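Data block for query07.cif (mmCIF, C-alpha atoms and all ligand atoms):
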```cif
data_structure
#
loop_
_atom_site.label_atom_id
_atom_site.label_comp_id
_atom_site.auth_asym_id
_atom_site.auth_seq_id
_atom_site.Cartn_x
_atom_site.Cartn_y
_atom_site.Cartn_z
CA MET A 246 -5.65 -15.85 -13.83
CA ILE A 247 -4.23 -12.41 -14.69
CA ASN A 248 -2.11 -11.68 -17.72
CA LEU A 249 -0.83 -8.20 -18.32
CA GLU A 250 0.76 -7.92 -21.74
CA HIS A 251 2.85 -4.87 -22.56
CA VAL A 252 0.61 -2.62 -20.48
CA SER A 253 1.41 1.11 -20.58
CA LYS A 254 -0.50 4.01 -19.08
CA THR A 255 0.19 7.66 -19.82
CA PHE A 256 -1.62 10.53 -18.13
CA ASP A 257 -1.97 13.81 -20.02
CA THR A 258 -1.46 16.59 -17.50
CA ALA A 259 -1.16 20.35 -17.77
CA SER A 260 2.59 20.01 -17.33
CA GLY A 261 2.94 17.28 -19.96
CA ASN A 262 2.62 13.51 -20.25
CA VAL A 263 3.26 11.31 -17.23
CA HIS A 264 4.27 7.78 -18.19
CA ALA A 265 3.01 6.07 -15.04
CA VAL A 266 3.31 2.49 -16.35
CA LYS A 267 5.69 1.50 -19.12
CA ASP A 268 5.37 -1.74 -21.06
CA VAL A 269 4.66 -4.03 -18.11
CA SER A 270 4.04 -7.72 -18.71
CA LEU A 271 3.12 -9.90 -15.72
CA HIS A 272 1.56 -13.31 -15.29
CA ILE A 273 -0.27 -14.00 -12.02
CA GLU A 274 -1.36 -17.60 -11.37
CA PRO A 275 -4.74 -18.55 -9.89
CA GLY A 276 -4.62 -18.72 -6.09
CA GLU A 277 -1.41 -16.74 -5.84
CA ILE A 278 -0.77 -13.84 -3.47
CA PHE A 279 1.25 -11.49 -5.61
CA GLY A 280 2.97 -8.46 -4.06
CA ILE A 281 3.80 -5.27 -5.94
CA ILE A 282 6.45 -3.19 -4.24
CA GLY A 283 8.49 -0.10 -4.94
CA PHE A 284 8.95 3.43 -3.73
CA SER A 285 6.26 6.07 -3.92
CA GLY A 286 5.47 7.18 -7.48
CA ALA A 287 6.83 3.97 -9.05
CA GLY A 288 3.48 3.24 -10.75
CA LYS A 289 2.13 0.49 -8.44
CA SER A 290 -1.38 1.91 -7.96
CA THR A 291 -1.80 2.75 -11.62
CA LEU A 292 -0.73 -0.75 -12.65
CA VAL A 293 -3.13 -2.42 -10.22
CA ARG A 294 -5.97 -0.09 -11.25
CA CYS A 295 -5.37 -1.28 -14.83
CA ILE A 296 -6.30 -4.83 -13.74
CA ASN A 297 -9.95 -3.87 -13.20
CA LEU A 298 -9.83 -1.02 -15.70
CA LEU A 299 -10.30 1.66 -13.05
CA GLU A 300 -7.56 3.05 -15.25
CA ARG A 301 -7.77 2.21 -18.93
CA PRO A 302 -4.30 1.30 -20.25
CA THR A 303 -3.04 3.49 -23.08
CA SER A 304 -1.76 0.32 -24.75
CA GLY A 305 -1.36 -3.38 -24.05
CA ARG A 306 -3.73 -6.17 -23.07
CA VAL A 307 -5.34 -7.03 -19.73
CA ILE A 308 -6.57 -10.61 -19.57
CA VAL A 309 -8.43 -11.75 -16.45
CA ASP A 310 -9.77 -15.28 -16.20
CA GLY A 311 -9.33 -15.76 -19.93
CA GLN A 312 -11.16 -12.58 -20.96
CA ASP A 313 -9.47 -9.65 -22.67
CA LEU A 314 -11.03 -6.78 -20.71
CA LEU A 315 -10.30 -4.16 -23.34
CA GLU A 316 -12.41 -6.07 -25.84
CA LEU A 317 -15.53 -6.23 -23.66
CA ASN A 318 -18.60 -4.02 -23.93
CA GLU A 319 -19.89 -2.09 -20.85
CA LYS A 320 -22.27 -4.83 -19.74
CA GLU A 321 -19.69 -7.61 -20.07
CA LEU A 322 -17.13 -5.47 -18.27
CA ARG A 323 -19.52 -4.84 -15.37
CA ALA A 324 -19.97 -8.59 -14.98
CA VAL A 325 -16.21 -9.23 -14.96
CA ARG A 326 -15.59 -6.37 -12.54
CA LYS A 327 -17.89 -8.04 -10.01
CA LYS A 328 -15.40 -10.87 -9.90
CA ILE A 329 -12.58 -8.45 -9.02
CA GLY A 330 -12.92 -7.02 -5.50
CA MET A 331 -10.78 -4.12 -4.33
CA ILE A 332 -9.78 -2.66 -0.97
CA PHE A 333 -7.96 0.58 -0.26
CA GLN A 334 -5.70 2.19 2.34
CA HIS A 335 -8.45 4.46 3.66
CA PHE A 336 -11.22 1.83 3.46
CA ASN A 337 -13.60 3.94 1.27
CA LEU A 338 -16.72 3.01 3.25
CA MET A 339 -19.98 4.95 2.96
CA GLN A 340 -20.13 6.89 6.21
CA SER A 341 -23.90 7.35 6.24
CA ARG A 342 -24.58 3.63 5.94
CA THR A 343 -24.27 0.88 8.50
CA VAL A 344 -21.80 -1.98 8.25
CA ALA A 345 -24.52 -4.30 6.90
CA GLN A 346 -25.64 -1.69 4.34
CA ASN A 347 -22.05 -1.15 3.19
CA ILE A 348 -21.58 -4.88 2.68
CA ALA A 349 -24.95 -5.21 0.90
CA PHE A 350 -24.18 -2.37 -1.53
CA PRO A 351 -22.43 -4.45 -4.26
CA LEU A 352 -25.32 -6.95 -4.16
CA LYS A 353 -27.73 -4.39 -5.61
CA GLY A 354 -29.15 -5.70 -8.85
CA SER A 355 -27.74 -9.17 -8.16
CA GLY A 356 -31.22 -10.73 -8.35
CA LEU A 357 -30.89 -12.17 -4.83
CA SER A 358 -33.96 -12.07 -2.57
CA LYS A 359 -33.97 -10.02 0.64
CA ALA A 360 -33.59 -13.19 2.68
CA GLU A 361 -30.67 -14.37 0.53
CA ILE A 362 -28.96 -10.98 0.91
CA ALA A 363 -29.46 -11.08 4.69
CA GLN A 364 -27.95 -14.56 4.77
CA LYS A 365 -25.03 -13.47 2.63
CA ILE A 366 -24.32 -10.47 4.90
CA ASP A 367 -24.45 -12.77 7.89
CA SER A 368 -21.89 -15.16 6.50
CA LEU A 369 -19.60 -12.28 5.40
CA LEU A 370 -19.81 -10.73 8.87
CA GLU A 371 -18.87 -14.08 10.30
CA LEU A 372 -15.94 -14.39 7.89
CA VAL A 373 -14.50 -11.05 9.02
CA ASP A 374 -15.45 -11.61 12.66
CA LEU A 375 -17.77 -8.59 12.98
CA LYS A 376 -21.12 -10.24 13.71
CA ASP A 377 -21.87 -7.83 16.55
CA LYS A 378 -21.23 -4.72 14.40
CA ALA A 379 -23.88 -5.16 11.67
CA ASN A 380 -25.75 -2.01 12.71
CA ALA A 381 -22.74 0.14 13.61
CA TYR A 382 -21.67 3.08 11.44
CA PRO A 383 -18.09 3.32 10.11
CA SER A 384 -17.33 6.22 12.48
CA GLN A 385 -17.97 3.86 15.40
CA LEU A 386 -15.32 1.37 14.25
CA SER A 387 -11.54 1.11 14.65
CA GLY A 388 -9.29 1.21 11.56
CA GLY A 389 -8.90 -2.56 11.61
CA GLN A 390 -12.66 -3.10 11.87
CA LYS A 391 -13.25 -0.68 8.97
CA GLN A 392 -10.83 -2.65 6.81
CA ARG A 393 -12.66 -5.86 7.77
CA VAL A 394 -15.91 -4.30 6.56
CA ALA A 395 -14.18 -3.27 3.32
CA ILE A 396 -12.94 -6.85 2.86
CA ALA A 397 -16.45 -8.24 3.49
CA ARG A 398 -17.85 -5.76 0.95
CA ALA A 399 -15.17 -6.70 -1.60
CA MET A 400 -16.09 -10.38 -1.09
CA ALA A 401 -19.84 -9.88 -1.51
CA ASN A 402 -19.93 -11.00 -5.14
CA ASP A 403 -17.67 -14.03 -4.55
CA PRO A 404 -14.74 -12.51 -6.45
CA LYS A 405 -11.98 -14.56 -8.01
CA VAL A 406 -9.46 -11.75 -7.57
CA LEU A 407 -8.93 -9.30 -4.72
CA LEU A 408 -6.85 -6.18 -5.34
CA CYS A 409 -5.41 -4.55 -2.22
CA ASP A 410 -3.95 -1.05 -2.56
CA GLU A 411 -1.83 -0.38 0.56
CA ALA A 412 -4.57 -2.09 2.58
CA THR A 413 -2.61 -2.10 5.83
CA SER A 414 -0.65 1.15 5.52
CA ALA A 415 -3.02 3.09 7.78
CA LEU A 416 -3.03 0.40 10.49
CA ASP A 417 -0.76 -0.28 13.48
CA PRO A 418 1.49 -3.38 13.33
CA GLN A 419 -0.79 -5.57 15.46
CA THR A 420 -3.91 -4.74 13.42
CA THR A 421 -1.88 -5.22 10.25
CA GLN A 422 -1.12 -8.77 11.38
CA SER A 423 -4.81 -9.56 11.96
CA ILE A 424 -5.80 -8.18 8.53
CA LEU A 425 -3.00 -10.18 6.88
CA LYS A 426 -4.23 -13.31 8.66
CA LEU A 427 -7.70 -12.66 7.27
CA LEU A 428 -6.37 -12.14 3.74
CA LYS A 429 -4.38 -15.37 3.97
CA GLU A 430 -7.50 -17.18 5.15
CA VAL A 431 -9.53 -15.79 2.25
CA ASN A 432 -6.79 -16.89 -0.13
CA GLU A 433 -6.39 -20.39 1.31
CA ARG A 434 -10.02 -21.21 2.06
CA MET A 435 -11.59 -19.71 -1.04
CA GLY A 436 -8.69 -19.86 -3.47
CA ILE A 437 -8.94 -16.16 -4.24
CA THR A 438 -6.04 -14.65 -6.16
CA ILE A 439 -4.73 -11.60 -4.33
CA VAL A 440 -2.69 -8.75 -5.78
CA LEU A 441 -1.30 -6.63 -3.02
CA ILE A 442 0.50 -3.30 -3.21
CA THR A 443 2.60 -2.51 -0.21
CA HIS A 444 5.67 -0.68 0.96
CA GLU A 445 5.91 -2.80 4.12
CA MET A 446 8.46 -5.58 4.18
CA ALA A 447 6.54 -7.49 6.89
CA VAL A 448 3.49 -7.67 4.63
CA ILE A 449 5.47 -9.06 1.74
CA LYS A 450 7.39 -11.60 3.77
CA ASP A 451 4.36 -12.79 5.73
CA VAL A 452 1.86 -13.31 2.97
CA CYS A 453 3.13 -13.02 -0.60
CA HIS A 454 4.17 -15.95 -2.75
CA LYS A 455 5.65 -13.85 -5.50
CA VAL A 456 6.63 -10.24 -5.89
CA ALA A 457 7.25 -7.66 -8.61
CA VAL A 458 9.47 -4.67 -7.90
CA MET A 459 8.58 -1.45 -9.72
CA GLU A 460 10.59 1.65 -10.45
CA ASN A 461 9.76 4.53 -12.73
CA GLY A 462 6.76 2.76 -14.32
CA CYS A 463 8.67 -0.45 -15.08
CA VAL A 464 8.85 -3.85 -13.38
CA VAL A 465 12.57 -4.22 -12.71
CA GLU A 466 12.52 -7.59 -10.99
CA THR A 467 9.95 -10.33 -10.39
CA GLY A 468 9.89 -13.85 -8.98
CA GLU A 469 9.34 -16.03 -5.93
CA ILE A 470 9.74 -14.10 -2.67
CA VAL A 471 12.71 -16.13 -1.46
CA GLU A 472 14.46 -15.82 -4.78
CA VAL A 473 13.99 -12.04 -5.06
CA PHE A 474 15.06 -11.36 -1.48
CA THR A 475 17.99 -13.74 -1.31
CA HIS A 476 19.38 -13.35 -4.83
CA THR A 477 18.42 -9.73 -5.33
CA LYS A 478 19.43 -8.58 -8.79
CA HIS A 479 18.36 -4.95 -8.95
CA GLN A 480 19.67 -2.00 -6.94
CA VAL A 481 16.12 -0.68 -6.41
CA THR A 482 15.17 -3.93 -4.65
CA LYS A 483 18.30 -3.69 -2.46
CA ASN A 484 17.45 -0.09 -1.56
CA PHE A 485 13.86 -1.03 -0.85
CA ILE A 486 14.92 -3.86 1.47
CA GLU A 487 17.31 -1.60 3.41
CA THR A 488 14.95 1.33 3.71
CA THR A 489 11.82 -0.58 4.63
CA SER A 490 13.68 -2.82 7.04
CA SER A 491 14.91 0.21 8.99
CA VAL A 492 11.38 1.65 9.24
CA SER A 493 9.73 -1.60 10.30
CA ARG A 494 12.65 -2.30 12.66
CA ILE A 495 12.12 0.99 14.48
CA HIS A 496 8.40 0.24 14.88
CA GLU A 497 9.34 -3.18 16.26
CA LEU A 498 11.85 -1.58 18.66
CA MET A 499 9.29 1.00 19.76
CA ALA A 500 6.75 -1.73 20.46
CA GLN A 501 9.35 -3.51 22.60
CA ASP A 502 10.25 -0.24 24.34
CA SER A 503 13.87 -0.84 23.33
CA PRO A 504 16.54 1.48 24.82
CA ILE A 505 17.47 2.52 21.24
CA CYS A 506 14.30 4.55 20.94
CA ARG A 507 13.79 5.48 24.55
CA LEU A 508 13.83 9.27 24.67
CA LYS A 509 15.06 11.73 27.22
CA ALA A 510 13.00 14.80 28.05
CA GLY A 511 12.76 17.17 25.09
CA GLU A 512 13.85 14.60 22.50
CA VAL A 513 11.77 13.82 19.44
CA LEU A 514 12.06 10.69 17.30
CA VAL A 515 11.21 11.48 13.71
CA GLN A 516 11.10 9.73 10.39
CA LEU A 517 12.12 11.86 7.43
CA LYS A 518 10.84 10.97 4.00
CA TYR A 519 12.58 12.86 1.32
CA ASP A 520 13.59 13.15 -2.26
CA ALA A 521 17.31 12.51 -2.56
CA ASN A 522 17.72 15.56 -4.77
CA ASN A 523 16.56 17.82 -1.99
CA ALA A 524 17.89 16.26 1.16
CA SER A 525 21.15 14.84 2.17
CA GLU A 526 23.23 14.52 5.23
CA ALA A 527 24.45 18.05 4.41
CA LEU A 528 20.92 19.43 4.91
CA ILE A 529 20.60 17.66 8.23
CA SER A 530 23.92 19.03 9.49
CA LYS A 531 23.08 22.53 8.23
CA ILE A 532 19.81 22.39 10.15
CA SER A 533 21.56 21.17 13.28
CA ARG A 534 23.99 24.08 13.03
CA ASP A 535 21.48 26.81 12.14
CA TYR A 536 18.90 25.93 14.75
CA GLN A 537 21.22 24.43 17.37
CA VAL A 538 19.44 21.13 17.30
CA ASP A 539 21.36 17.94 18.02
CA THR A 540 20.71 15.13 15.62
CA ASN A 541 21.35 11.52 16.25
CA ILE A 542 20.73 9.42 13.18
CA ILE A 543 19.76 5.97 14.35
CA PHE A 544 18.66 4.39 11.10
CA GLY A 545 19.60 5.56 7.67
CA ASN A 546 22.34 4.43 5.43
CA ILE A 547 24.27 7.12 3.57
CA GLU A 548 24.49 4.87 0.50
CA VAL A 549 20.72 4.62 0.58
CA ILE A 550 20.46 8.39 0.97
CA ARG A 551 22.54 8.95 -2.14
CA HIS A 552 20.96 6.39 -4.37
CA THR A 553 17.27 6.01 -3.69
CA PRO A 554 14.83 8.41 -5.31
CA ILE A 555 12.77 8.39 -2.13
CA GLY A 556 14.38 7.51 1.15
CA ASP A 557 13.66 7.24 4.82
CA LEU A 558 15.82 8.32 7.69
CA ILE A 559 15.11 7.91 11.36
CA VAL A 560 16.57 10.60 13.52
CA ILE A 561 16.40 11.81 17.10
CA PHE A 562 16.26 15.59 17.40
CA SER A 563 16.98 17.29 20.67
CA GLY A 564 17.14 20.95 21.57
CA SER A 565 14.76 23.72 22.51
CA LYS A 566 11.16 23.29 21.37
CA GLU A 567 11.59 26.37 19.20
CA GLY A 568 14.78 25.01 17.63
CA ILE A 569 13.11 21.70 16.80
CA ASP A 570 10.03 23.48 15.35
CA GLN A 571 12.28 25.64 13.15
CA ALA A 572 14.25 22.59 12.04
CA VAL A 573 11.02 20.78 11.08
CA GLU A 574 9.79 23.86 9.16
CA CYS A 575 13.10 24.07 7.33
CA LEU A 576 12.90 20.37 6.38
CA LYS A 577 9.39 20.90 5.05
CA THR A 578 10.43 23.86 2.90
CA ASN A 579 13.10 21.54 1.51
CA HIS A 580 10.37 19.05 0.56
CA VAL A 581 11.18 16.61 3.33
CA SER A 582 8.12 15.19 5.01
CA VAL A 583 8.55 14.73 8.74
CA GLU A 584 6.62 12.19 10.74
CA VAL A 585 6.99 12.36 14.50
CA LEU A 586 7.17 8.77 15.74
CA LYS A 587 7.61 9.51 19.42
CA GLN A 588 8.24 12.48 21.67
P1 LIG A 601 2.67 4.49 -6.67
O1 LIG A 601 1.39 3.75 -6.46
O2 LIG A 601 3.84 3.58 -6.92
O3 LIG A 601 2.97 5.50 -5.60
P2 LIG A 601 1.20 5.82 -8.80
O4 LIG A 601 0.74 4.74 -9.71
O5 LIG A 601 0.22 6.38 -7.84
O6 LIG A 601 2.52 5.33 -8.03
O7 LIG A 601 1.76 7.02 -9.68
C1 LIG A 601 2.73 6.83 -10.71
C2 LIG A 601 2.93 8.16 -11.41
O8 LIG A 601 1.76 8.52 -12.11
C3 LIG A 601 3.23 9.31 -10.46
O9 LIG A 601 4.14 10.18 -11.11
C4 LIG A 601 1.89 9.98 -10.30
O10 LIG A 601 2.03 11.34 -10.00
C5 LIG A 601 1.27 9.78 -11.67
N1 LIG A 601 -0.19 9.70 -11.64
C6 LIG A 601 -0.95 8.78 -11.01
N2 LIG A 601 -2.26 9.00 -11.21
C7 LIG A 601 -2.34 10.10 -12.00
C8 LIG A 601 -3.44 10.85 -12.56
N3 LIG A 601 -4.71 10.48 -12.36
N4 LIG A 601 -3.13 11.94 -13.29
C9 LIG A 601 -1.85 12.31 -13.51
N5 LIG A 601 -0.78 11.65 -13.02
C10 LIG A 601 -1.01 10.56 -12.27
#
```

Structure encoded using structure tokens:
Amino acid sequence: MINLEHVSKTFDTASGNVHAVKDVSLHIEPGEIFGIIGFSGAGKSTLVRCINLLERPTSGRVIVDGQDLLELNEKELRAVRKKIGMIFQHFNLMQSRTVAQNIAFPLKGSGLSKAEIAQKIDSLLELVDLKDKANAYPSQLSGGQKQRVAIARAMANDPKVLLCDEATSALDPQTTQSILKLLKEVNERMGITIVLITHEMAVIKDVCHKVAVMENGCVVETGEIVEVFTHTKHQVTKNFIETTSSVSRIHELMAQDSPICRLKAGEVLVQLKYDANNASEALISKISRDYQVDTNIIFGNIEVIRHTPIGDLIVIFSGSKEGIDQAVECLKTNHVSVEVLKQ
């Protein structure tokens, strides 16, 4: 269904060339759910955007359903693009249009009659279980409902391929599960090939058949899910498994109200996302000392800290409000992003 042959993409920026994708070759079978994983900046989005030519590769070939997209003229490309739906992390709905109008948008110029379009919208609303929301505006919907609308819109032209760029990253775990169920249904019932970028282990394990692991623009490992996760060959994959498991585990523990993440008064549970060059356990202990904040690291493996380009650490801070605020500020000036999970 999708053949990427030696695809590379370089961006020219003011500060020089960025080689976002380097010589990637991938074969994705019809009907497969194919996951693309890797840490932030690995090149996942750029690679997936090359599949529908939202990004034009600098070199290589992109073959979808037997057609070499780089050889097509504008009109031919438009026709092929209709067969490749896409959904995004932040849904990308048109705020001033209703759910039905959003879904109808890709059908413009399709040659369908008004009645046919109305019927199509009806069946898409039924597919995504939003029949009662046809006249609602996106601002009146929950995150999960918005993503359902985006899926219905992406399905309007009966695509053969659906590209999902971090489609569940902005959703809570329960909503994530319902969106994944819908994607699986779409894949099984309609045979749609799905390419899915994610950094969530649950997403990969629950829905993907195969996976490619990216680092620094390259695919470092690819294969059947079971194979890649049980006979992991590459260190990046190992790091990814450890890091993402700790983050999803803490969310699971929080949902269960586990004693591990039950907080005393004044404690804050935070997730630190950092660049290993800028943060280390030394920074955390310096902060604890300077601002008299106690730190209790509950997830975070020092090996992972040293070796991953981007890591995650889950920490409980306790101390005065001022001390914690100063510690958070200090982390930020050291390029560590801090997400408060619970306080
Ligand atoms: P990922 O999806 O794995 O987080 P991306 O594909 O978004 O990675 O980015 C890969 C690299 O390409 C990053 O270094 C990013 O900064 C760079 N990049 C992505 N898009 C552009 C762009 N439009 N212009 C310049 N650099 C870009």

- request: Would you work out the distance separating CA of Gly468 (chain A) from CA of Val456 (chain A), expressed in Å to one decimal?
  value: 5.8 Å

- prompt: Between CA of Asp310 (chain A) and CA of Lys426 (chain A), what is the spacing in Å?
  reply: 25.5 Å

field: Test item: residues no farther than 9 Å from ligand LIG 601 (chain A), counting only C-alpha atoms and all ligand atoms, as a PyMOL selection string
entry: chain A and resi 254-258+262-266+281-294+300+410-411+442-443+459-462

- request: Can you pull out every residue within 12 Å of Arg534 (chain A), counting only C-alpha atoms, but drop anything in the same chain fewer than 5 positions away, and send it as a PyMOL selection string?
  value: chain A and resi 527-529+539-540+564+568-569+571-572

Mind running region 347-415 of chain A against region 337-341 of chain A at 7 Å and telling me each contacting residue's nearest atom pair with the distance in Å (one decimal), counting only C-alpha atoms, chain and number ascending, as CSV?
```
residue,atom,partner,partner_atom,distance
A:Asn347,CA,A:Met339,CA,6.4
A:Tyr382,CA,A:Gln340,CA,6.7
A:Pro383,CA,A:Gln340,CA,5.7
A:Ser384,CA,A:Gln340,CA,6.9
A:Ala395,CA,A:Leu338,CA,6.8
```

Separation of CA of Val373 (chain A) from CA of Asn248 (chain A), in Å and rounded to one decimal: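 So the answer is 29.5 Å.
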
- request: Please identify all polymer residues within 7 Å of Cys463 (chain A), counting only C-alpha atoms, omitting same-chain residues fewer than 6 positions from it, and present them as a PyMOL selection string.
  value: chain A and resi 266-269

Could you take the residues named above and write them with C-alpha atoms, as a PDB file, in the coordinates of the input?
```
ATOM      1  CA  VAL A 266       3.310   2.490 -16.350  1.00  0.00           C
ATOM      2  CA  LYS A 267       5.690   1.500 -19.120  1.00  0.00           C
ATOM      3  CA  ASP A 268       5.370  -1.740 -21.060  1.00  0.00           C
ATOM      4  CA  VAL A 269       4.660  -4.030 -18.110  1.00  0.00           C
TER       5      VAL A 269
END
```

12 Å contact set for Ala397 (chain A), only C-alpha atoms, chain neighbours under 6 positions out, as number ranges by chain: A: 330-332, 336, 338, 344-352, 365-376, 379, 390-391, 403-404, 407, 424, 427-428, 431

- prompt: Can you list, as a ChimeraX atom specification, every protein, DNA or RNA residue that comes within 10 Å of Glu250 (chain A) when you count only C-alpha atoms, leaving out same-chain residues fewer than 5 positions away?
  reply: /A:268-272,304-308

- request: Counting all atoms listed in the file, figure out which residue out of A:Glu361, A:Cys453, A:Phe485, A:Gln392 gets nearest to Ile470 (chain A).
  value: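 That would be A:Cys453, the residue with the smallest distance to Ile470 (chain A).
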
- prompt: Between A:Glu567, A:Glu497, A:Ile532, A:Leu508, which one has atoms that come closest to Gln588 (chain A), using only C-alpha atoms?
  reply: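 When distances to Gln588 (chain A) are compared using only C-alpha atoms, the smallest one comes from A:Leu508.
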
How big is the axis-aligned box around all listed atoms of region 481-485 of chain A once 4 Å goes on each side, and where's its centre, in Å to one decimal, as JSON?
```
{"center_x": 16.1, "center_y": -2.0, "center_z": -3.6, "size_x": 12.4, "size_y": 11.8, "size_z": 13.6}
```

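Distance check against Ile486 (chain A) using only C-alpha atoms: of A:Ile449, A:Leu408, A:Val515, A:Leu386, the minimum falls on A:Ile449.
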